[in-house]
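Enquirer: What follows is the file upload-v3.cif, containing mmCIF, C-alpha atoms and all ligand atoms:
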```cif
data_final
loop_
_atom_site.label_atom_id
_atom_site.label_comp_id
_atom_site.auth_asym_id
_atom_site.auth_seq_id
_atom_site.Cartn_x
_atom_site.Cartn_y
_atom_site.Cartn_z
CA MET I 1 -29.16 16.59 -5.38
CA ASP I 2 -29.10 13.05 -6.80
CA VAL I 3 -28.39 10.44 -4.17
CA GLU I 4 -25.66 8.01 -5.23
CA LYS I 5 -26.16 4.33 -4.47
CA VAL I 6 -22.53 3.85 -3.55
CA ILE I 7 -19.57 6.17 -3.24
CA ILE I 8 -16.10 4.64 -3.10
CA ILE I 9 -13.31 6.69 -1.52
CA GLY I 10 -9.84 5.61 -2.62
CA SER I 11 -8.12 4.48 -5.79
CA GLY I 12 -5.77 1.61 -4.98
CA PRO I 13 -6.51 -2.06 -5.62
CA ALA I 14 -9.26 -2.10 -2.95
CA GLY I 15 -11.07 0.91 -4.40
CA TRP I 16 -10.90 -0.21 -8.03
CA THR I 17 -11.89 -3.79 -7.26
CA ALA I 18 -14.87 -2.49 -5.26
CA ALA I 19 -15.70 -0.24 -8.23
CA ILE I 20 -15.49 -3.10 -10.76
CA TYR I 21 -17.82 -5.27 -8.68
CA ALA I 22 -20.21 -2.44 -7.82
CA ALA I 23 -20.36 -1.29 -11.45
CA ARG I 24 -21.06 -4.82 -12.69
CA ALA I 25 -23.83 -5.04 -10.09
CA ALA I 26 -25.42 -1.97 -11.75
CA LEU I 27 -24.77 0.26 -8.73
CA ALA I 28 -23.11 2.97 -10.89
CA PRO I 29 -20.39 3.71 -8.31
CA LEU I 30 -18.83 7.12 -7.98
CA VAL I 31 -15.13 6.85 -7.12
CA PHE I 32 -13.17 9.62 -5.41
CA GLU I 33 -9.65 8.83 -6.54
CA GLY I 34 -7.99 11.68 -4.62
CA ALA I 35 -6.72 15.09 -5.63
CA VAL I 36 -3.46 15.78 -7.46
CA THR I 37 -1.86 18.28 -5.10
CA GLN I 38 1.61 19.09 -3.83
CA GLU I 39 0.42 18.27 -0.31
CA ASN I 40 -0.71 14.78 -1.35
CA GLN I 41 2.54 14.22 -3.22
CA VAL I 42 4.61 14.99 -0.13
CA ALA I 43 2.37 12.84 2.07
CA GLY I 44 2.44 9.90 -0.37
CA THR I 45 -1.34 10.08 -0.87
CA LEU I 46 -1.67 10.91 -4.56
CA PRO I 47 -4.35 9.08 -6.61
CA LEU I 48 -3.65 5.37 -7.24
CA GLY I 49 -1.89 4.95 -3.90
CA GLN I 50 1.06 2.83 -2.92
CA LEU I 51 1.08 0.67 -6.07
CA ALA I 52 1.78 3.75 -8.14
CA LEU I 53 4.91 4.29 -6.04
CA THR I 54 6.44 0.89 -6.57
CA THR I 55 8.22 -0.74 -9.50
CA GLU I 56 7.69 -4.30 -10.74
CA VAL I 57 4.89 -6.33 -9.18
CA GLU I 58 5.80 -10.00 -9.30
CA ASN I 59 3.33 -11.42 -6.80
CA PHE I 60 -0.04 -10.32 -8.18
CA PRO I 61 -1.54 -13.47 -9.71
CA GLY I 62 -2.02 -13.30 -13.46
CA PHE I 63 1.09 -11.27 -14.27
CA PRO I 64 4.00 -13.73 -14.49
CA ALA I 65 7.48 -12.29 -14.27
CA GLY I 66 9.60 -12.23 -17.38
CA ASN I 67 8.52 -11.46 -20.88
CA LEU I 68 4.75 -11.41 -20.84
CA ALA I 69 4.61 -11.49 -24.65
CA ALA I 70 6.57 -14.75 -24.77
CA TYR I 71 4.46 -16.21 -22.00
CA LEU I 72 1.25 -15.29 -23.78
CA ASP I 73 2.58 -16.64 -27.09
CA GLU I 74 3.12 -19.97 -25.39
CA ALA I 75 -0.12 -19.97 -23.43
CA ILE I 76 -2.52 -18.69 -26.07
CA ALA I 77 -2.89 -19.70 -29.74
CA PRO I 78 -1.24 -17.21 -32.18
CA GLU I 79 -4.50 -16.42 -34.01
CA GLN I 80 -6.16 -15.57 -30.70
CA ARG I 81 -3.10 -13.57 -29.57
CA GLN I 82 -3.31 -11.39 -32.68
CA THR I 83 -6.73 -10.17 -31.59
CA MET I 84 -5.34 -9.00 -28.24
CA PRO I 85 -4.00 -5.51 -27.54
CA PRO I 86 -0.25 -4.91 -27.25
CA HIS I 87 1.38 -4.57 -23.83
CA ALA I 88 4.57 -3.39 -22.16
CA GLY I 89 6.48 -6.62 -22.77
CA HIS I 90 7.39 -7.54 -19.20
CA GLY I 91 5.44 -8.71 -16.13
CA VAL I 92 3.63 -5.66 -14.88
CA SER I 93 4.65 -2.61 -12.91
CA GLY I 94 2.73 -1.17 -9.96
CA PRO I 95 1.65 1.93 -11.90
CA GLU I 96 0.60 -0.21 -14.89
CA LEU I 97 -1.35 -2.60 -12.70
CA VAL I 98 -3.32 0.08 -10.92
CA GLU I 99 -3.97 1.99 -14.17
CA LEU I 100 -5.32 -1.24 -15.67
CA MET I 101 -7.61 -1.65 -12.67
CA ARG I 102 -8.82 1.94 -13.06
CA GLN I 103 -9.52 1.39 -16.75
CA GLN I 104 -11.35 -1.84 -15.99
CA ALA I 105 -13.61 -0.05 -13.49
CA ARG I 106 -14.32 2.75 -15.96
CA ASN I 107 -15.10 0.24 -18.71
CA PHE I 108 -17.96 -1.01 -16.56
CA GLY I 109 -19.28 2.50 -15.98
CA ALA I 110 -17.61 3.62 -12.75
CA ARG I 111 -17.44 7.42 -12.66
CA VAL I 112 -14.29 9.02 -11.30
CA VAL I 113 -13.82 12.31 -9.43
CA THR I 114 -10.21 13.47 -9.04
CA GLU I 115 -10.72 15.07 -5.62
CA ASP I 116 -10.21 14.07 -2.00
CA VAL I 117 -13.13 13.56 0.32
CA VAL I 118 -12.36 15.95 3.16
CA GLU I 119 -15.44 15.62 5.35
CA VAL I 120 -18.16 13.07 5.93
CA ASP I 121 -21.47 13.18 7.74
CA PHE I 122 -22.48 9.64 8.58
CA ALA I 123 -24.95 10.76 11.25
CA ARG I 124 -27.65 11.48 8.65
CA GLU I 125 -29.17 9.39 5.88
CA PRO I 126 -28.39 9.56 3.08
CA PHE I 127 -24.75 10.12 4.05
CA ARG I 128 -23.21 13.43 2.99
CA LEU I 129 -19.63 13.81 1.74
CA THR I 130 -17.74 17.01 1.04
CA ALA I 131 -14.99 16.98 -1.57
CA SER I 132 -11.79 19.04 -1.66
CA ASP I 133 -13.34 21.36 -4.29
CA GLY I 134 -16.14 22.19 -1.84
CA LYS I 135 -18.87 20.22 -3.65
CA THR I 136 -21.13 17.97 -1.59
CA TYR I 137 -22.45 14.55 -2.51
CA GLU I 138 -25.04 12.22 -1.02
CA ALA I 139 -24.95 8.43 -0.94
CA HIS I 140 -26.88 5.56 0.57
CA CYS I 141 -23.73 3.54 0.96
CA VAL I 142 -19.99 4.32 1.23
CA ILE I 143 -16.93 2.13 0.79
CA VAL I 144 -13.78 3.57 2.36
CA ALA I 145 -10.62 2.31 0.63
CA THR I 146 -8.18 5.13 1.26
CA GLY I 147 -5.20 2.90 2.03
CA ALA I 148 -2.20 3.65 4.16
CA ARG I 149 1.12 5.27 3.61
CA ALA I 150 4.49 3.95 4.70
CA ASN I 151 6.32 6.10 7.18
CA TYR I 152 9.58 7.54 5.94
CA LEU I 153 12.18 9.42 7.93
CA GLY I 154 11.89 12.55 5.80
CA LEU I 155 15.51 12.71 4.64
CA PRO I 156 16.13 14.52 1.34
CA SER I 157 18.32 11.61 0.16
CA GLU I 158 15.46 9.21 0.89
CA GLU I 159 13.15 11.14 -1.44
CA LYS I 160 15.88 11.29 -4.11
CA TYR I 161 16.33 7.51 -4.28
CA LYS I 162 12.73 6.32 -3.84
CA ASN I 163 12.22 3.54 -6.43
CA ARG I 164 15.98 3.62 -7.10
CA GLY I 165 16.96 1.48 -4.16
CA VAL I 166 14.79 3.00 -1.40
CA SER I 167 11.62 1.10 -0.62
CA ALA I 168 9.22 0.50 2.24
CA CYS I 169 8.08 -2.93 1.10
CA ALA I 170 10.52 -5.84 0.95
CA VAL I 171 7.81 -8.26 -0.17
CA CYS I 172 7.00 -5.94 -3.10
CA ASP I 173 10.51 -5.03 -4.18
CA GLY I 174 13.04 -7.29 -2.42
CA ALA I 175 13.36 -9.90 -5.16
CA LEU I 176 14.18 -7.37 -7.87
CA PRO I 177 17.45 -8.04 -9.70
CA ARG I 178 19.09 -4.86 -8.36
CA PHE I 179 19.00 -6.28 -4.81
CA ARG I 180 20.09 -9.87 -5.52
CA GLY I 181 23.39 -10.93 -3.97
CA ARG I 182 23.99 -7.40 -2.68
CA PRO I 183 24.24 -5.98 0.86
CA LEU I 184 21.02 -4.26 1.91
CA ALA I 185 19.84 -2.19 4.88
CA VAL I 186 16.58 -2.30 6.82
CA VAL I 187 15.69 0.55 9.17
CA GLY I 188 13.60 -0.28 12.25
CA GLY I 189 13.54 -2.72 15.13
CA GLY I 190 9.94 -3.95 15.19
CA ASP I 191 8.30 -7.10 13.83
CA SER I 192 8.05 -5.55 10.37
CA ALA I 193 11.77 -4.78 10.30
CA VAL I 194 12.62 -8.35 11.33
CA GLU I 195 10.19 -9.76 8.79
CA GLU I 196 11.62 -7.56 6.06
CA ALA I 197 15.22 -8.39 6.99
CA ASP I 198 14.43 -12.10 7.13
CA TYR I 199 12.70 -11.98 3.75
CA LEU I 200 15.51 -9.95 2.18
CA SER I 201 18.15 -12.34 3.54
CA LYS I 202 16.92 -14.85 0.94
CA PHE I 203 18.21 -12.61 -1.83
CA ALA I 204 20.82 -10.35 -0.26
CA SER I 205 24.46 -11.11 0.60
CA THR I 206 24.06 -9.35 3.99
CA VAL I 207 21.20 -7.46 5.59
CA TYR I 208 22.09 -4.70 8.03
CA MET I 209 19.29 -3.94 10.47
CA ILE I 210 19.68 -0.35 11.60
CA HIS I 211 18.05 0.19 14.97
CA ARG I 212 18.18 3.28 17.11
CA ARG I 213 18.28 1.43 20.44
CA ASP I 214 20.19 -1.53 21.91
CA GLU I 215 17.14 -3.80 22.06
CA LEU I 216 14.67 -4.83 19.37
CA ARG I 217 11.01 -3.89 19.76
CA ALA I 218 10.02 -7.03 17.87
CA SER I 219 8.36 -9.92 19.69
CA LYS I 220 10.84 -12.34 21.29
CA ILE I 221 10.39 -15.07 18.73
CA MET I 222 10.80 -12.65 15.82
CA ALA I 223 13.79 -10.92 17.42
CA GLN I 224 15.48 -14.30 17.92
CA ARG I 225 14.89 -15.11 14.26
CA ALA I 226 16.84 -12.01 13.27
CA LEU I 227 19.64 -12.68 15.74
CA ASP I 228 19.95 -16.32 14.62
CA ASN I 229 20.05 -15.47 10.91
CA PRO I 230 23.73 -15.50 9.83
CA LYS I 231 22.96 -13.10 7.00
CA ILE I 232 21.45 -10.44 9.30
CA GLU I 233 23.74 -8.10 11.19
CA VAL I 234 22.07 -5.71 13.61
CA LEU I 235 23.76 -2.33 13.85
CA TRP I 236 22.68 -1.21 17.34
CA ASN I 237 22.23 2.39 18.45
CA ARG I 238 22.34 3.67 14.90
CA THR I 239 20.12 5.98 12.89
CA LEU I 240 20.11 6.61 9.18
CA ALA I 241 21.74 9.99 8.60
CA GLU I 242 22.03 9.89 4.81
CA ILE I 243 21.50 7.57 1.87
CA LEU I 244 24.44 7.66 -0.49
CA GLY I 245 24.20 7.10 -4.22
CA ASN I 246 24.57 8.45 -7.72
CA PRO I 247 22.29 8.99 -10.74
CA THR I 248 23.51 5.85 -12.56
CA ASP I 249 23.41 3.26 -9.79
CA GLY I 250 20.83 4.72 -7.43
CA VAL I 251 21.60 3.71 -3.84
CA THR I 252 25.21 2.70 -3.17
CA GLY I 253 25.50 3.10 0.61
CA VAL I 254 24.34 4.58 3.89
CA ARG I 255 25.87 6.92 6.43
CA LEU I 256 24.78 6.05 9.94
CA ALA I 257 24.82 8.32 12.97
CA SER I 258 25.22 6.95 16.47
CA THR I 259 22.79 7.36 19.38
CA ALA I 260 25.59 6.23 21.74
CA GLY I 261 28.18 8.89 20.99
CA GLU I 262 30.15 6.82 18.46
CA PRO I 263 31.47 8.33 15.23
CA ASP I 264 29.42 8.06 12.00
CA LEU I 265 29.67 4.78 10.14
CA GLU I 266 29.37 4.13 6.38
CA LYS I 267 28.22 0.87 4.81
CA ASP I 268 28.01 -0.10 1.15
CA VAL I 269 24.44 -1.20 0.34
CA SER I 270 22.34 -1.38 -2.85
CA GLY I 271 19.03 -0.92 -1.12
CA VAL I 272 17.46 0.69 1.93
CA PHE I 273 14.14 -0.62 3.25
CA LEU I 274 12.20 1.51 5.72
CA ALA I 275 10.23 -0.51 8.26
CA ILE I 276 9.29 2.15 10.76
CA GLY I 277 5.53 1.67 10.55
CA HIS I 278 2.61 2.78 8.38
CA THR I 279 -0.05 5.44 8.82
CA PRO I 280 -3.60 4.67 7.66
CA ASN I 281 -5.26 7.41 5.60
CA ALA I 282 -8.14 7.71 8.03
CA GLY I 283 -7.54 11.15 9.52
CA PHE I 284 -10.73 12.58 7.98
CA LEU I 285 -12.76 9.79 9.61
CA LYS I 286 -11.71 10.40 13.21
CA GLY I 287 -14.82 10.61 15.36
CA LYS I 288 -17.00 9.38 12.44
CA LEU I 289 -16.08 5.69 12.41
CA GLU I 290 -14.63 3.47 15.10
CA LEU I 291 -10.87 3.09 14.75
CA THR I 292 -8.52 0.49 16.17
CA GLU I 293 -5.87 1.40 18.75
CA LYS I 294 -3.44 1.93 15.89
CA GLY I 295 -5.81 4.30 14.04
CA TYR I 296 -7.01 1.83 11.38
CA LEU I 297 -10.71 1.49 10.52
CA LYS I 298 -12.29 -1.21 12.60
CA TRP I 299 -14.07 -4.09 10.86
CA THR I 300 -16.92 -4.71 13.27
CA ARG I 301 -18.09 -8.14 12.06
CA PRO I 302 -15.70 -11.08 11.70
CA GLY I 303 -15.05 -11.94 8.06
CA ARG I 304 -17.08 -8.94 6.79
CA THR I 305 -16.16 -5.40 5.77
CA PHE I 306 -18.77 -3.68 7.96
CA THR I 307 -17.66 -0.67 10.00
CA SER I 308 -19.25 0.88 13.10
CA VAL I 309 -21.76 2.73 10.88
CA GLU I 310 -24.39 0.66 9.03
CA GLY I 311 -23.98 1.21 5.30
CA VAL I 312 -20.31 2.22 5.50
CA PHE I 313 -17.83 -0.47 4.54
CA ALA I 314 -14.03 -0.51 4.66
CA ALA I 315 -11.57 -2.27 2.37
CA GLY I 316 -7.84 -2.53 1.89
CA ASP I 317 -4.97 -1.17 3.93
CA VAL I 318 -7.00 1.51 5.72
CA ALA I 319 -8.51 -1.37 7.70
CA ASP I 320 -5.59 -3.81 7.55
CA ASP I 321 -2.36 -3.31 9.46
CA TYR I 322 -1.29 -6.91 8.98
CA TYR I 323 -1.31 -8.26 5.40
CA ARG I 324 -1.00 -5.00 3.44
CA GLN I 325 -0.66 -6.61 -0.01
CA ALA I 326 -2.18 -5.48 -3.33
CA ILE I 327 -3.93 -8.82 -3.69
CA THR I 328 -5.42 -8.78 -0.17
CA ALA I 329 -6.59 -5.20 -0.70
CA ALA I 330 -8.22 -6.25 -3.98
CA GLY I 331 -9.84 -9.16 -2.14
CA THR I 332 -11.38 -7.01 0.58
CA GLY I 333 -12.43 -4.48 -2.08
CA CYS I 334 -14.43 -7.24 -3.72
CA MET I 335 -15.90 -8.21 -0.32
CA ALA I 336 -16.91 -4.61 0.42
CA ALA I 337 -18.73 -4.28 -2.91
CA LEU I 338 -20.61 -7.54 -2.27
CA ASP I 339 -21.43 -6.45 1.30
CA ALA I 340 -22.64 -3.08 -0.02
CA GLU I 341 -24.72 -4.65 -2.78
CA ARG I 342 -26.45 -7.00 -0.31
CA TRP I 343 -26.93 -4.23 2.25
CA LEU I 344 -28.61 -2.01 -0.38
CA ALA I 345 -30.71 -4.89 -1.70
CA ALA I 346 -31.94 -5.74 1.80
CA ARG I 347 -33.26 -2.16 2.04
CA GLY I 348 -34.77 -2.19 -1.44
CA LEU I 349 -32.34 0.51 -2.61
P1 LIG R 401 6.45 -0.96 15.28
O1 LIG R 401 6.25 -2.17 16.13
O2 LIG R 401 5.82 0.33 15.68
O3 LIG R 401 8.02 -0.76 15.13
C1 LIG R 401 8.54 0.34 14.48
C2 LIG R 401 10.05 0.29 14.61
O4 LIG R 401 10.57 1.40 13.89
C3 LIG R 401 10.50 0.40 16.08
O5 LIG R 401 11.60 -0.43 16.31
C4 LIG R 401 10.91 1.87 16.20
O6 LIG R 401 11.99 2.08 17.06
C5 LIG R 401 11.37 2.17 14.77
N1 LIG R 401 11.15 3.58 14.44
C6 LIG R 401 9.98 4.25 14.43
N2 LIG R 401 10.19 5.52 14.07
C7 LIG R 401 11.53 5.64 13.87
C8 LIG R 401 12.37 6.72 13.50
N3 LIG R 401 11.86 7.92 13.23
N4 LIG R 401 13.69 6.48 13.38
C9 LIG R 401 14.21 5.25 13.63
N5 LIG R 401 13.47 4.19 13.99
C10 LIG R 401 12.14 4.40 14.11
O7 LIG R 401 5.93 -1.20 13.78
P2 LIG R 401 5.93 -2.55 12.90
O8 LIG R 401 7.20 -3.30 13.08
O9 LIG R 401 5.52 -2.12 11.52
O10 LIG R 401 4.77 -3.40 13.52
C11 LIG R 401 3.44 -2.88 13.55
C12 LIG R 401 2.53 -3.91 14.19
O11 LIG R 401 2.34 -5.04 13.32
C13 LIG R 401 3.10 -4.46 15.49
O12 LIG R 401 2.06 -4.66 16.40
C14 LIG R 401 3.71 -5.77 15.09
O13 LIG R 401 3.74 -6.71 16.15
C15 LIG R 401 2.75 -6.21 13.97
N6 LIG R 401 3.46 -7.09 13.01
C16 LIG R 401 3.49 -8.41 13.28
C17 LIG R 401 4.17 -9.27 12.44
C18 LIG R 401 4.21 -10.73 12.72
O14 LIG R 401 3.82 -11.13 13.79
N7 LIG R 401 4.65 -11.54 11.79
C19 LIG R 401 4.86 -8.77 11.34
C20 LIG R 401 4.83 -7.39 11.10
C21 LIG R 401 4.15 -6.56 11.96
P3 LIG R 401 11.80 1.91 18.66
O15 LIG R 401 11.74 0.45 18.91
O16 LIG R 401 13.00 2.57 19.22
O17 LIG R 401 10.51 2.62 18.99
#
```
I'd like the structure from this file rewritten - as structure tokens, please.
Expert:
Amino acid sequence: MDVEKVIIIGSGPAGWTAAIYAARAALAPLVFEGAVTQENQVAGTLPLGQLALTTEVENFPGFPAGNLAAYLDEAIAPEQRQTMPPHAGHGVSGPELVELMRQQARNFGARVVTEDVVEVDFAREPFRLTASDGKTYEAHCVIVATGARANYLGLPSEEKYKNRGVSACAVCDGALPRFRGRPLAVVGGGDSAVEEADYLSKFASTVYMIHRRDELRASKIMAQRALDNPKIEVLWNRTLAEILGNPTDGVTGVRLASTAGEPDLEKDVSGVFLAIGHTPNAGFLKGKLELTEKGYLKWTRPGRTFTSVEGVFAAGDVADDYYRQAITAAGTGCMAALDAERWLAARGL
């Protein structure tokens, strides 16, 4: 069996950025982008990750909002523009962005396997990885970039309106035109929920925070921020029973159940943001790499992407429960490739 120099597991911005850098460093990376299965679809872990599940991306540098063609016409001389390939004609969408990253990695020679990695043996060298089709692979170095998935409640109406008013990322989607000046709902009572509600209050007419208890879990200072914000109204002791909507408008409202014996309550909203936590896609690494208390991969050296096993690096949301942005994932993907390259070079590999 040929031993790979570096295997990258994951196909979001962290994985593809690591692949671009590793490929340009002549490490011929092999990328496991994940398997296309019903199980992965339900879990939200299909190839290309969370970006593929969102709509417009307005905060990834280099893709200005608005008509990209007009922007490029202004920024670049017409004769030079004519030599450039056509594009979608607007900023960029999540699926477009991540497909572009994938293409960029492949252009530099990254090889792609459309399977999950289901088992790893990091106790031997070279490392051994088993894919979902049963094949095994060996590598001197591994970059784990399997991301995280937002937690959803599992309501059928939630699934129906995903990307049509239901989101789990206010920073990604909150500024979209469909939410501007409209009432919105945020589910959850932790720091994320407060942060999302606070962020959304810049665009929304009202933000209803739907919390199942009569006290926020968020830190005191964050909780106070929500309570002091005149645009945020906390609906205490409430759970989301159903998201209401129609095929033309997407989300139009919510029906809320009570945890305090009150009757159901309906509110008109144009968007529902889930902020009930994330789950890192690190289940297959339990017992193989050190995890944080919250189940994320632990970076073991400050400012580096090293994990508890020498030669295994982690990038993106699987190791980050704090920033969770496409651009930060891309950044740590780049760092992991550079760490891997230097680690291999130091061993003459
Ligand atoms: P979290 O602290 O675990 O809060 C999750 C919230 O969702 C809780 O209020 C919980 O309700 C609610 N929830 C969970 N499952 C639910 C369900 N099935 N139905 C209804 N509600 C449900 O998660 P987080 O807010 O994402 O924060 C994660 C970590 O990141 C925390 O340590 C937080 O401090 C940190 N963080 C910090 C900042 C900041 O400092 N700026 C910002 C974001 C996150 P209960 O309260 O009833 O359990």
Enquirer: Within 7 Å of ligand LIG 401 (chain R) (counting all atoms listed in the file), which residues show up? I'd like them as a ChimeraX atom specification.
Expert: /I:153,187-193,195,211-213,216-219,239,275-278,321-322
Enquirer: Atom CA of Tyr208 of chain I and atom CA of Thr259 of chain I are how many Å apart?
Expert: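 It comes out at 16.6 Å.
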Enquirer: Nearest to Ala170 of chain I: which of I:Val234, I:Leu274, I:Leu285, I:Ala18 is it, counting only C-alpha atoms?
Expert: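 For Ala170 of chain I, the nearest of the candidates is I:Leu274.
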Enquirer: So that I can check the surroundings of segment 339-348 of chain I, please list as a PyMOL selection string every protein, DNA and RNA residue that reaches within 12 Å of it, counting all atoms listed in the file and ignoring chain neighbours fewer than 6 positions away.
Expert: chain I and resi 4-8+18-19+21-29+139-144+301+303-307+310-315+332-333
Enquirer: Please compute the atom CA of Ala35 of chain I-atom CA of Ala131 of chain I distance, one decimal, in Å.
Expert: 9.4 Å
Enquirer: For atom CA of Ser167 of chain I and atom CA of Pro13 of chain I, determine how far apart the two atoms are, in Å to one decimal place.
Expert: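 Those two atoms sit 19.1 Å apart.
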Enquirer: Give me, as a PyMOL selection string, all polymer residues having an atom no more than 12 Å from Asp2 of chain I, counting only C-alpha atoms and skipping those fewer than 6 positions away in the same chain.
Expert: chain I and resi 30+126+128+136-140
Enquirer: Given only C-alpha atoms as the basis, pick out the residue of I:Thr114, I:Thr45, I:Thr279, I:Ser93 nearest to Cys172 of chain I.
Expert: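 Result for the nearest residue to Cys172 of chain I: I:Ser93.
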Enquirer: Can you pull out the residues contacting Leu265 of chain I? Cut-off 9 Å, using all atoms listed in the file, and skip same-chain residues under 4 positions away; I want them as a PyMOL selection string.
Expert: chain I and resi 238+254-258
Enquirer: So, counting all atoms listed in the file, which residue among I:Leu240, I:Val98, I:Ala150, I:Ala223 is closest to Gly10 of chain I?
Expert: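 When distances to Gly10 of chain I are compared using all atoms listed in the file, the smallest one comes from I:Val98.
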Enquirer: Could you list, as a compact mmCIF listing (two decimals) with C-alpha atoms, in the frame of the given file, every residue within 12 Å of Arg180 of chain I, counting only C-alpha atoms and ignoring same-chain residues fewer than 2 positions away?
Expert:
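Everything below was put into around-v9.txt:
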```txt
# COMPACT_ATOMS: atom_id res chain seq x y z
CA GLY I 165 16.96 1.48 -4.16
CA ASP I 173 10.51 -5.03 -4.18
CA GLY I 174 13.04 -7.29 -2.42
CA ALA I 175 13.36 -9.90 -5.16
CA LEU I 176 14.18 -7.37 -7.87
CA PRO I 177 17.45 -8.04 -9.70
CA ARG I 178 19.09 -4.86 -8.36
CA ARG I 182 23.99 -7.40 -2.68
CA PRO I 183 24.24 -5.98 0.86
CA LEU I 184 21.02 -4.26 1.91
CA LEU I 200 15.51 -9.95 2.18
CA SER I 201 18.15 -12.34 3.54
CA LYS I 202 16.92 -14.85 0.94
CA PHE I 203 18.21 -12.61 -1.83
CA ALA I 204 20.82 -10.35 -0.26
CA SER I 205 24.46 -11.11 0.60
CA THR I 206 24.06 -9.35 3.99
CA VAL I 207 21.20 -7.46 5.59
CA VAL I 269 24.44 -1.20 0.34
CA SER I 270 22.34 -1.38 -2.85
CA GLY I 271 19.03 -0.92 -1.12
```
Enquirer: Measuring between only C-alpha atoms, which one of I:Arg124, I:Asn237, I:Met209, I:Leu46 shows the shortest distance to Glu262 of chain I?
Expert: I:Asn237
Enquirer: For Asp121 of chain I, work out the shell of residues within 9 Å, counting all atoms listed in the file and skipping chain neighbours fewer than 4 positions away, then give it as a ChimeraX atom specification.
Expert: /I:125,127-130,288
Enquirer: Dump C-alpha atoms for the selected residues as a PDB file, keeping the file's coordinate frame?
Expert:
```
ATOM      1  CA  GLU I 125     -29.170   9.390   5.880  1.00  0.00           C
ATOM      2  CA  PHE I 127     -24.750  10.120   4.050  1.00  0.00           C
ATOM      3  CA  ARG I 128     -23.210  13.430   2.990  1.00  0.00           C
ATOM      4  CA  LEU I 129     -19.630  13.810   1.740  1.00  0.00           C
ATOM      5  CA  THR I 130     -17.740  17.010   1.040  1.00  0.00           C
ATOM      6  CA  LYS I 288     -17.000   9.380  12.440  1.00  0.00           C
TER       7      LYS I 288
END
```
Enquirer: Out of I:Thr328, I:Asn229, I:Gly316, I:Asp73, which residue has the shortest atom-to-atom distance to Gly12 of chain I when counting only C-alpha atoms?
Expert: I:Gly316
Enquirer: Here is a test: counting all atoms listed in the file, which residue of I:Ser11, I:Thr83, I:Thr300, I:Gln325 is nearest to Leu100 of chain I?
Expert: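 Smallest distance to Leu100 of chain I is found for I:Ser11.
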